[in-house]
Amino acid sequence: MRVLVTGGAGFIGSHLTDAFLARGDEVAVVDDLSRGRHDRLDSRAAVHKLSITEDGPLTALVERARPELICHLAAQIDVRVSVAAPADDAQTNVVGTVNVLEAARAADARVLFCSTGGALYGRDAPIPSLEDVLPLPESPYGIAKYCAEQYVGLYNRLHGTRHTILRLANVYGPRQDPAGESGVIPIFCARVLAGERPVIYGDGTQTRDYVYVSDAVAAFLAAADQGRPGIWNIGTGVEVSVLDLARLIGAAAGREVNPEFAAPRPGELQRSALAAERARRDLGWRPAMSLADGVRTVYRWIEAGAPDRTAS
């Protein structure tokens, strides 16, 4: 299969690119390299430095490459950035997605859209949250992702396409930037390794659903092969508090973690976990990596110098 991965030089996108290449697919990557890194990528992937906000060049590239599938992962992913600059967030996450959909339509390609579960459902959603819960996002990032989902659904109705939406829980693993603004697991691991105290915003009782990157990639491959339109949550259904996460990282490090506490940040939920029974039923997908094993893997990866090319 000919596959195009937008955001393919990013954390999840580079692992997904590796997985498609490993099974013999022909893969091209679109990434503006603002956060993605070329060194994460296998040399067999054709890399195009391009922003999804550039509609003309994007459409021209897709028409030349003629992918059968576009995995759309390119995005502005930081909730805090979206609160500070909502128009910029919408430009990338909404307009950029429309540009991808239009380019796909011109090339008759199917789109597999990477959405969010953690930022979508809102504070009053039942936990774990099912796909049919009405989204009530608490941040511009969540709003933009939901708006992008609506465009994906519209194209399926208006143009008869068969695009797919995956709502991911908090994905973590090697290649997630330990010096970045998001990704609590590598950030905490890096601080502990450096002998520093990790910072918890709020009281630490807030919860998230953590899914290891290889499990998230397996969901993309399953959805790619299934070829059916729809929306699926990709998570474990298990709430893990930040305090529990700090204890797991302490176990990986072999010493107690003593975090600092700071004021809560605007736009962030108190609780989040995704019900993934529909993905198990329809896609045959289920997470395989335990959180304790995944945290240990990330800790060892950072301990080894956080190399760009490493097994997932």
# chains A, B, ... in the order shown; residues from 1 in each chain; ligands from 1
>>> select_by_dssp(residues="region 138-309 of chain A", states="strand (DSSP E or B)", output="PyMOL selection string")
chain A and resi 164-168+170-172+199-201+207-208+210-212+230-234+240-241+260-262+274
>>> residues_around(residues="region 109-119 of chain A", least_positions_apart="4", cutoff="7 Å", atoms="only C-alpha atoms", output="list in words")
Pro67, Glu68, Leu69, Ile70, Cys71, His72, Leu73, Ala104, Arg105, Pro137, Gly142, Lys145, Arg162, His163, Thr164, Ile165, Leu166, Arg167, Leu168, Ala169, Asn170, Asn233, Ser272, Ala273 and Leu274 of chain A
>>> closest_residue(among="A:Glu239, A:Glu256, A:Asp293, A:Asp89", to="Gln76 (chain A)", atoms="only C-alpha atoms")
A:Asp89
>>> residues_around(residues="Tyr155 (chain A)", least_positions_apart="2", cutoff="12 Å", atoms="only C-alpha atoms", output="PyMOL selection string")
chain A and resi 97-98+100-102+104-105+110-111+148-153+157-164+229
>>> closest_residue(among="A:Leu291, A:Glu196, A:Ile187, A:Gln176", to="Ala251 (chain A)", atoms="only C-alpha atoms")
A:Leu291
>>> closest_residue(among="A:Gly13, A:Gly96, A:Gly173, A:Gly24", to="Asp55 (chain A)", atoms="only C-alpha atoms")
A:Gly96
>>> residues_around(residues="Ser82 (chain A)", least_positions_apart="3", cutoff="10 Å", atoms="only C-alpha atoms", output="list in words")
Gln76, Ile77, Asp78, Val79, Ala85, Pro86, Ala87, Asp88, Asp89, Ala90, Ser139, Pro140, Tyr141, Gly142, Ile143, Ala144 and Gly267 of chain A
>>> residues_around(residues="Val238 (chain A)", least_positions_apart="4", cutoff="10 Å", atoms="only C-alpha atoms", output="VMD selection string")
chain A and resid 127 to 128 207 to 211 272 to 275
>>> closest_residue(among="A:Phe188, A:Tyr212, A:Trp232, A:Phe20", to="Tyr299 (chain A)", atoms="only C-alpha atoms")
A:Phe188
>>> select_by_dssp(residues="region 94-273 of chain A", states="alpha helix (DSSP H)", output="PyMOL selection string")
chain A and resi 96-107+140-159+184-193+213-226+242-253
